[in-house]
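Input: a single structure, listed below in structure tokens.
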Amino acid sequence: MPAALGYRMPAEWEPHAATWLAWPHYEGDWPKKFEPIPWVYAEIIRNLAKHERVELIVKNAAEAGHARRILQRADALSDNIRFHRWPTNRVWLRDSGCIFLKRTTAVPSREQPIWHRLRAALMHPEAEKRGSAGAVGRKKKLRASDPEATLALKFRFNGWAKYSNWRHDEKIGSLMCKTSHAQEIRPESLGKRVVLEGGSIDVNGAGTIMTSEECLLSQEQQRNPHMARVHYEKAFADYLGAPHTIWLGRGIYGDDTHGHIDDLARFVWKNTVVAMVEPNTKDVNHAPLRANLRRLQAARDQDGKQLTVIELPMPEPVMFEGRRLPASYANFYIANGLVLAPVFNRPNDRIALDTLARLFPTREIVPIYSGDFIWGLGAMHCMTQQQPA
């Protein structure tokens with residue numbers, strides 16, 4: 001298992017080699033509002049490319065040309081952008097892309113046999129059938145001569161157990177692994193591959209992970225019917241290097257993922273969490289967010305220490321065509337030198353930006369107007385996937 005070899009999922013604020021994005025083309029995510037979306041992307045890419053490489057996925061050559069023209073007009077085209085022509089269904093790479101791991105410790109001598117056993121299992125032609133190394137990517141062979149190999153987790157993706165257009169996106173994680181020269185690992189539990197989206201988890205990089213019961217344990221939009229709480233916790237420990245799990249309850253209203261954590265609470269340091277709250281007692285989000293806040297206030301980190309919990313008020317409701325959209329300031333993205341923060345032209349925008357500025361004093365806080373973008377039911381965190389340095 002990756003954790004036994006010293007691998008973990010690093011925190012988002014740790015240094016990046018790149019950010020992965022997929023250029024928008026599916027107008028069905030933004031019906032009647034698609035026109036401004038590529039320009040939102042251009043603004044995001046313009047800011048990111050100043051600080052780190054941008055790995056930009058475009059569905060074909062024609063789309064690559066279209067993206068280049070928009071980026072050029074927006075003064076966002078740079079040598080720090082690398083294009084990949086891969087077909088995609090949608091843009092939400094946080095969920096469909098792979099999760100890169102980072103190795104921070106040398107392999108202890110007592111763990112060396114584990115590495116060799118993994119290699120032997122992979123080299124054996126019956127390894128997949130036996131399931132002895134089903135946790136490890138079947139198309140990649142770990143090399144005993146290269147114990148410092150880059151690893152990446154390729155969970156299954158099935159359109160949030162909700163949508164039918166996901167089969168191109170299910171392949172994206174493997175393509176990212178191959179292009180990044182990462183060893184692909186396909187996590188399993190009880191002999192079956194695990195379905196998991198990156199937006200359903202958040203880590204502090206030191207052994208603690210947050211997720212929600214509504215997303216992973218509910219029978220609605222059920223990703224893994226064969227898994228219970230204990231199986232998820234074991235998978236988090238074995239694959240992500242996070243043996244301590246904090247479970248929140250329900251997600252926010254209008255979230256089509258059914259409870260992703262990146263709209264509810266986010267780690268901003270190893271022992272510090274930003275938690276969304278809804279002060280309006282009549283609002284549909286008030287009770288579930290209050291319950292989540294109480295869980296966080298009672299929670300402990302991997303060392304048994306109480307968390308510092310920073311409350312952040314939700315934006316006033318964002319509506320379109322009579323529908324309440326899942327607008328949340330928690331859907332920010334931490335990159336090298338900056339934080340991309342969704343704003344919605346609401347009074348609480350200023351509170352969100354000021355809070356993030358205090359929490360990230362060495363990073364520029366870049367507000368990205370997301371009033372149109374959130375019609376696609378996602379924001380800055382949903383669309384990005386970091387590749388650690």
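Identifiers in the structure tokens: chain A, B, ... in order shown; residue index from 1 per chain; ligand index from 1 in order shown.
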Got a sec: who's within 10 Å of Asn271 in chain A, counting only C-alpha atoms, leaving out chain neighbours fewer than 2 positions off, as a PyMOL selection string?
-> chain A and resi 204+206+208+267-269+273+300-303+305-309
Restricting it to C-alpha atoms, dump the selection as a PDB file, in the first residue's frame.
ATOM      1  CA  ASN A 204      -4.243  18.326   6.015  1.00  0.00           C
ATOM      2  CA  ALA A 206      -0.359  15.223   8.203  1.00  0.00           C
ATOM      3  CA  THR A 208      -6.207  13.698   8.881  1.00  0.00           C
ATOM      4  CA  PHE A 267      -8.236  22.619   5.866  1.00  0.00           C
ATOM      5  CA  VAL A 268      -6.148  25.787   5.633  1.00  0.00           C
ATOM      6  CA  TRP A 269      -3.387  24.475   7.885  1.00  0.00           C
ATOM      7  CA  VAL A 273     -10.288  24.454   9.327  1.00  0.00           C
ATOM      8  CA  ARG A 300      -9.490  16.256  17.085  1.00  0.00           C
ATOM      9  CA  ASP A 301      -6.593  16.023  14.680  1.00  0.00           C
ATOM     10  CA  GLN A 302      -4.280  13.048  14.167  1.00  0.00           C
ATOM     11  CA  ASP A 303      -2.402  13.975  17.356  1.00  0.00           C
ATOM     12  CA  LYS A 305      -5.432  18.056  19.524  1.00  0.00           C
ATOM     13  CA  GLN A 306      -8.487  20.249  19.111  1.00  0.00           C
ATOM     14  CA  LEU A 307      -8.890  21.967  15.764  1.00  0.00           C
ATOM     15  CA  THR A 308      -8.977  25.703  15.287  1.00  0.00           C
ATOM     16  CA  VAL A 309     -12.271  26.309  13.480  1.00  0.00           C
TER      17      VAL A 309
END
Surrounding residues of Ala42 in chain A excluding itself and chain neighbours under 2 positions, 8 Å, only C-alpha atoms, as number ranges by chain = A: 38-40, 44-46, 70-71, 74, 76
Limited to N, CA and C atoms, could you put the picked residues into a file as a PDB file, in the first residue's frame?
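This is the output file result_6.pdb:
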ATOM      1  N   PRO A  38     -15.788  30.419 -20.901  1.00  0.00           N
ATOM      2  CA  PRO A  38     -14.376  30.378 -21.323  1.00  0.00           C
ATOM      3  C   PRO A  38     -13.578  31.599 -20.858  1.00  0.00           C
ATOM      4  N   TRP A  39     -14.237  32.744 -20.721  1.00  0.00           N
ATOM      5  CA  TRP A  39     -13.530  33.944 -20.266  1.00  0.00           C
ATOM      6  C   TRP A  39     -13.211  33.852 -18.777  1.00  0.00           C
ATOM      7  N   VAL A  40     -14.058  33.174 -18.009  1.00  0.00           N
ATOM      8  CA  VAL A  40     -13.721  32.907 -16.608  1.00  0.00           C
ATOM      9  C   VAL A  40     -12.478  32.026 -16.548  1.00  0.00           C
ATOM     10  N   ILE A  44      -8.714  32.717 -14.823  1.00  0.00           N
ATOM     11  CA  ILE A  44      -8.105  31.766 -13.893  1.00  0.00           C
ATOM     12  C   ILE A  44      -6.723  31.343 -14.383  1.00  0.00           C
ATOM     13  N   ILE A  45      -6.629  30.999 -15.656  1.00  0.00           N
ATOM     14  CA  ILE A  45      -5.358  30.548 -16.220  1.00  0.00           C
ATOM     15  C   ILE A  45      -4.332  31.674 -16.222  1.00  0.00           C
ATOM     16  N   ARG A  46      -4.768  32.894 -16.505  1.00  0.00           N
ATOM     17  CA  ARG A  46      -3.850  34.042 -16.509  1.00  0.00           C
ATOM     18  C   ARG A  46      -3.171  34.190 -15.147  1.00  0.00           C
ATOM     19  N   ILE A  70      -8.886  32.643 -27.290  1.00  0.00           N
ATOM     20  CA  ILE A  70      -9.468  33.314 -26.126  1.00  0.00           C
ATOM     21  C   ILE A  70      -8.381  33.703 -25.130  1.00  0.00           C
ATOM     22  N   LEU A  71      -7.452  32.795 -24.882  1.00  0.00           N
ATOM     23  CA  LEU A  71      -6.374  33.095 -23.950  1.00  0.00           C
ATOM     24  C   LEU A  71      -5.525  34.273 -24.446  1.00  0.00           C
ATOM     25  N   ALA A  74      -7.328  37.517 -23.947  1.00  0.00           N
ATOM     26  CA  ALA A  74      -7.415  37.856 -22.527  1.00  0.00           C
ATOM     27  C   ALA A  74      -6.047  38.068 -21.882  1.00  0.00           C
ATOM     28  N   ALA A  76      -3.720  35.982 -21.545  1.00  0.00           N
ATOM     29  CA  ALA A  76      -3.506  34.845 -20.642  1.00  0.00           C
ATOM     30  C   ALA A  76      -2.681  33.732 -21.278  1.00  0.00           C
TER      31      ALA A  76
END
Which polymer residues have any atom within 7 Å of an atom of Leu21 in chain A, counting only C-alpha atoms, with same-chain residues fewer than 4 positions away left out, as a PDB file with N, CA and C atoms, in the first residue's frame?
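around-v9.pdb, freshly written:
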ATOM      1  N   GLU A  55      -1.498  22.605 -16.879  1.00  0.00           N
ATOM      2  CA  GLU A  55      -1.700  21.477 -17.792  1.00  0.00           C
ATOM      3  C   GLU A  55      -3.159  21.548 -18.251  1.00  0.00           C
ATOM      4  N   LEU A  56      -3.371  21.956 -19.495  1.00  0.00           N
ATOM      5  CA  LEU A  56      -4.713  22.266 -19.982  1.00  0.00           C
ATOM      6  C   LEU A  56      -5.186  21.189 -20.965  1.00  0.00           C
ATOM      7  N   ILE A  57      -6.269  20.526 -20.604  1.00  0.00           N
ATOM      8  CA  ILE A  57      -6.852  19.476 -21.445  1.00  0.00           C
ATOM      9  C   ILE A  57      -7.895  20.091 -22.358  1.00  0.00           C
ATOM     10  N   LEU A  93     -12.193  18.315 -13.051  1.00  0.00           N
ATOM     11  CA  LEU A  93     -11.022  17.456 -12.850  1.00  0.00           C
ATOM     12  C   LEU A  93     -10.753  17.117 -11.390  1.00  0.00           C
ATOM     13  N   MET A 383     -12.946  22.513 -10.404  1.00  0.00           N
ATOM     14  CA  MET A 383     -12.398  22.504 -11.754  1.00  0.00           C
ATOM     15  C   MET A 383     -10.902  22.240 -11.791  1.00  0.00           C
ATOM     16  N   THR A 384     -10.235  22.236 -10.648  1.00  0.00           N
ATOM     17  CA  THR A 384      -8.772  22.140 -10.590  1.00  0.00           C
ATOM     18  C   THR A 384      -8.320  20.822  -9.981  1.00  0.00           C
ATOM     19  N   GLN A 385      -7.108  20.427 -10.315  1.00  0.00           N
ATOM     20  CA  GLN A 385      -6.445  19.309  -9.639  1.00  0.00           C
ATOM     21  C   GLN A 385      -4.956  19.603  -9.590  1.00  0.00           C
TER      22      GLN A 385
END
Find the residues around range 5-16 of chain A up to 10 Å (only C-alpha atoms counted), leave out those fewer than 2 positions away in its own chain, and share them as a ChimeraX atom specification.
-> /A:1-3,18-19,51-53,99-108,111-112,114-115,147-148,150-153,202-207,209,236-242,267-270,333-339,360,385-389
